[in-house]
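Taking it in order: structure first as structure tokens, then the write-up.
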Amino acid sequence: MTSKNSIPSHQYWYFLVILIAITSCKNGFDFEPSLEAITVEKMVDASLLYPDENGDSSCESLMATKKGFMCLGYYYDSQNNEYINTITTWDNEGNALNINEFSSPKSSSSYVLSSVDKYINTSDGSIVALGLASNMYTAFKFNSDGEMLWEKEILSFTDYKRYSISLFEGDDNYFLLASDDELQTKHSTFEISKDGSEINEEVTESEFRRFTVRKISNDKAIFVGANTNSLSGVVKIADINGKTIKEKDYPTLPLSFGVFLDKSRSYLLVDNRGRGYKTDKNLNIEWDTSLSGFSFTRSEIIETEAGNFLYNTREEVYLYSIEGDLLDEYLIPPESYGFRNPIKLTNGNIVISTYGGASSQLIFFNTSE
């Protein structure tokens with residue numbers, strides 16, 4: 001006679017498989033962050049690429065690509081008294097590949113595309129970028145060689161600010177989310193066809209006053225703002241259609257910024273006094289610390305390969321551990337005016353540009369142990 005417990009039941013195996021799967025997934029998200037330091041691997045004078053080396057030139061905004069990065073800039077053509085926009089392409093090692101002029105010459109630098117405020121890498125290897133030109137936010141699409149495919153004016157700078165705008169890619173369209181500049185309770189969703197030929201806008205009113213929006217994935221973002229009635233800080237994780245996935249109020253915190261940290265599956269929130277708050281995946285605060293000089297209008301937070309994070313101010317780059325300890329800092333080189341936002345390359349290196357008079361320097365960082 002067979003014992004009742006001699007052969008495991010189907011239910012036993014079912015629950016065993018589920019337990020193994022859960023354990024595997026959990027271990028897949030575990031990581032051991034290591035201590036890092038900022039090491040400068042190389043510096044490149046980006047202005048040497050421009051046709052007129054005697055004229056004013058700049059490398060204003062960097063955009064990471066799958067194989068390297070692009071640099072938006074412009075140069076002054078002293079012979080013809082014109083400002084001309086350019087896109088230069090680079091590989092991961094900091095070797096310049098080519099330069100493209102992509103807009104009509106302008107007689108004043110105030111009319112060129114001076115910076116890229118948001119951009120996305122698309123599924124076809126191109127880049128869609130949103131930049132400010134002549135007080136209009138304009139969407140640009142560049143192929144992987146830096147050639148402009150199309151441009152389309154979207155909205156006015158007087159109605160929207162860049163920190164309340166973010167870009168996403170859908171199956172058939174690109175999406176742009178924006179909040180008006182007055183009370184920031186009017187939230188707009190722009191659908192842009194992938195060939196740039198059509199734009200549709202949908203506007204909704206909300207009691208949520210949005211200060212910043214940051215992309216998490218193609219269908220999800222983190223929104224940081226306040227309740228218009230109580231003015232308590234609010235963080236929402238929502239899809240691009242506005243459906244809230246999770247939400248948390250912080251009554252005593254004047255929050256203005258938030259990003260998702262992929263390696264630790266957590267969030268980093270910052271208030272308008274430059275204090276940072278690291279949360280778990282459910283938005284519960286685990287620690288807080290002062291982030292020197294942080295500004296949600298000009299600083300960018302980058303997650304490092306080890307799961308730590310760094311950000312820029314106008315004159316310094318700070319590296320913090322995921323536990324909130326300051327690990328290292330880098331001061332802007334002499335004769336430079338200010339850092340632009342850093343980007344992270346696919347090889348793990350971080351690049352930042354700095355403008356110094358008539359030239360731009362590209363600085364390549366490695367955050368190694």
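Residue names in the structure tokens use chain letters A, B, ... in the order shown, residue numbers from 1 in each chain, and ligand numbers from 1 in the order shown.
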Write out as a ChimeraX atom specification the residues lying within 12 Å of Ser230 of chain A, counting only C-alpha atoms and excluding same-chain residues fewer than 3 positions away. /A:207-209,225-227,233-234,249-254
Would you save the residues of that selection, restricted to C-alpha atoms, as an mmCIF file, in the first residue's frame?
data_model
loop_
_atom_site.group_PDB
_atom_site.id
_atom_site.type_symbol
_atom_site.label_atom_id
_atom_site.label_comp_id
_atom_site.auth_asym_id
_atom_site.auth_seq_id
_atom_site.Cartn_x
_atom_site.Cartn_y
_atom_site.Cartn_z
ATOM 1 C CA GLU A 207 -6.553 69.577 -8.783
ATOM 2 C CA PHE A 208 -2.967 68.369 -9.086
ATOM 3 C CA ARG A 209 -0.455 71.163 -9.661
ATOM 4 C CA GLY A 225 3.700 68.611 -7.653
ATOM 5 C CA ALA A 226 1.155 69.739 -5.073
ATOM 6 C CA ASN A 227 -2.526 69.593 -4.255
ATOM 7 C CA GLY A 233 3.452 67.675 -1.813
ATOM 8 C CA VAL A 234 2.158 64.956 -4.127
ATOM 9 C CA ASP A 249 1.020 62.784 -0.259
ATOM 10 C CA TYR A 250 3.821 64.456 1.698
ATOM 11 C CA PRO A 251 2.055 67.208 3.719
ATOM 12 C CA THR A 252 5.194 68.909 5.058
ATOM 13 C CA LEU A 253 7.456 68.610 1.989
ATOM 14 C CA PRO A 254 7.504 71.244 -0.806
#
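For the set A:Lys141, A:Lys220, A:Arg265, A:Arg210, the residue with the smallest atom-to-atom gap to Gly307 of chain A is A:Arg265, counting only C-alpha atoms.
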For atom CA of Thr313 of chain A and atom CA of Leu331 of chain A, quote the distance in Å rounded to one decimal. 9.8 Å
Atomic separation - atom CA of Thr189 of chain A relative to atom CA of Leu177 of chain A, Å: 4.8 Å
Could you find all residues in segment 162-298 of chain A that DSSP calls strand (DSSP E) from the backbone, and write them as a ChimeraX atom specification? /A:162-169,173-180,186-193,199-205,208-217,220-227,233-239,244-250,255-261,266-271,275-279,285-290
Could you list, with a cut-off of 10 Å and counting only C-alpha atoms, the residues of segment 91-162 of chain A near segment 293-306 of chain A, each shown with its nearest atom pair and the distance in Å rounded to one decimal, rows sorted by chain and ascending number, as CSV?
residue,atom,partner,partner_atom,distance
A:Asp117,CA,A:Arg298,CA,10.0
A:Lys161,CA,A:Thr297,CA,9.4
A:Arg162,CA,A:Thr297,CA,8.0
Using N, CA and C atoms, can you write the selected residues to a file as a compact mmCIF listing (two decimals), in the first residue's frame?
# COMPACT_ATOMS: atom_id res chain seq x y z
N ASP A 117 15.65 70.54 -24.50
CA ASP A 117 15.12 70.41 -23.15
C ASP A 117 14.71 68.99 -22.80
N LYS A 161 6.69 75.62 -19.38
CA LYS A 161 8.09 75.61 -18.99
C LYS A 161 8.66 74.20 -19.15
N ARG A 162 9.97 74.10 -19.41
CA ARG A 162 10.57 72.83 -19.81
C ARG A 162 10.49 71.75 -18.73
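Taking only C-alpha atoms into account, Val317 of chain A lies nearest to A:Ile363 out of the set A:Met148, A:Ile87, A:Ile363, A:Met43.
For the choices A:Asn341, A:Ser206, A:Thr158, A:Ser197, the atom-to-atom distance to Met63 of chain A is smallest for A:Asn341 when using only C-alpha atoms.
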Residue contacts of Lys66 of chain A (12 Å, only C-alpha atoms) excluding same-chain residues fewer than 6 positions away, as a PyMOL selection string: chain A and resi 89-92+120-127+143-145+344-348
Atoms kept (N, CA and C atoms) for selection, written as a JSON list (two decimals), in the first residue's frame:
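Okay, part_15.json is ready:
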[["chain", "number", "residue", "atom", "x", "y", "z"],
["A", 89, "THR", "N", 27.94, 64.23, -34.30],
["A", 89, "THR", "CA", 27.76, 62.88, -33.77],
["A", 89, "THR", "C", 29.11, 62.35, -33.29],
["A", 90, "TRP", "N", 29.07, 61.54, -32.20],
["A", 90, "TRP", "CA", 30.27, 61.03, -31.54],
["A", 90, "TRP", "C", 30.05, 59.57, -31.19],
["A", 91, "ASP", "N", 31.16, 58.81, -31.10],
["A", 91, "ASP", "CA", 31.04, 57.46, -30.59],
["A", 91, "ASP", "C", 31.28, 57.45, -29.08],
["A", 92, "ASN", "N", 31.16, 56.27, -28.47],
["A", 92, "ASN", "CA", 31.29, 56.15, -27.02],
["A", 92, "ASN", "C", 32.66, 56.56, -26.50],
["A", 120, "ILE", "N", 14.20, 61.71, -26.66],
["A", 120, "ILE", "CA", 14.05, 60.27, -26.49],
["A", 120, "ILE", "C", 14.77, 59.56, -27.62],
["A", 121, "ASN", "N", 15.32, 58.39, -27.32],
["A", 121, "ASN", "CA", 15.81, 57.47, -28.34],
["A", 121, "ASN", "C", 14.64, 56.62, -28.80],
["A", 122, "THR", "N", 14.38, 56.58, -30.09],
["A", 122, "THR", "CA", 13.21, 55.87, -30.60],
["A", 122, "THR", "C", 13.58, 54.45, -31.03],
["A", 123, "SER", "N", 12.56, 53.67, -31.31],
["A", 123, "SER", "CA", 12.75, 52.26, -31.67],
["A", 123, "SER", "C", 13.48, 52.08, -32.99],
["A", 124, "ASP", "N", 13.45, 53.08, -33.87],
["A", 124, "ASP", "CA", 14.12, 52.94, -35.16],
["A", 124, "ASP", "C", 15.54, 53.51, -35.15],
["A", 125, "GLY", "N", 16.07, 53.85, -33.96],
["A", 125, "GLY", "CA", 17.44, 54.33, -33.85],
["A", 125, "GLY", "C", 17.59, 55.83, -34.01],
["A", 126, "SER", "N", 16.51, 56.54, -34.23],
["A", 126, "SER", "CA", 16.57, 58.00, -34.38],
["A", 126, "SER", "C", 16.36, 58.67, -33.03],
["A", 127, "ILE", "N", 16.44, 60.00, -33.03],
["A", 127, "ILE", "CA", 16.20, 60.79, -31.82],
["A", 127, "ILE", "C", 15.10, 61.80, -32.10],
["A", 143, "ASN", "N", 17.99, 61.43, -37.65],
["A", 143, "ASN", "CA", 18.36, 60.03, -37.81],
["A", 143, "ASN", "C", 19.66, 59.75, -37.07],
["A", 144, "SER", "N", 20.13, 58.50, -37.12],
["A", 144, "SER", "CA", 21.30, 58.11, -36.32],
["A", 144, "SER", "C", 22.58, 58.81, -36.78],
["A", 145, "ASP", "N", 22.58, 59.40, -37.98],
["A", 145, "ASP", "CA", 23.75, 60.15, -38.47],
["A", 145, "ASP", "C", 23.67, 61.63, -38.15],
["A", 344, "LYS", "N", 24.47, 59.77, -19.82],
["A", 344, "LYS", "CA", 25.15, 58.50, -19.60],
["A", 344, "LYS", "C", 25.19, 57.72, -20.90],
["A", 345, "LEU", "N", 26.38, 57.25, -21.29],
["A", 345, "LEU", "CA", 26.56, 56.50, -22.52],
["A", 345, "LEU", "C", 26.30, 55.02, -22.27],
["A", 346, "THR", "N", 26.17, 54.26, -23.36],
["A", 346, "THR", "CA", 25.89, 52.83, -23.22],
["A", 346, "THR", "C", 27.07, 52.06, -22.66],
["A", 347, "ASN", "N", 28.27, 52.63, -22.68],
["A", 347, "ASN", "CA", 29.43, 51.96, -22.07],
["A", 347, "ASN", "C", 29.59, 52.31, -20.59],
["A", 348, "GLY", "N", 28.64, 53.06, -20.04],
["A", 348, "GLY", "CA", 28.66, 53.41, -18.62],
["A", 348, "GLY", "C", 29.32, 54.73, -18.30]]
Counting only C-alpha atoms, figure out which residue out of A:Ala139, A:Leu183, A:Ile352, A:Leu132 gets nearest to Phe157 of chain A. A:Leu132
Within 12 Å of Trp287 of chain A using only C-alpha atoms, minus same-chain residues under 4 positions, as a list of chain:residue names: A:Ser266, A:Tyr267, A:Leu268, A:Leu269, A:Val270, A:Arg275, A:Gly276, A:Tyr277, A:Lys278, A:Thr279, A:Asp280, A:Leu283, A:Ser321, A:Ile322, A:Glu323, A:Gly324, A:Asp325
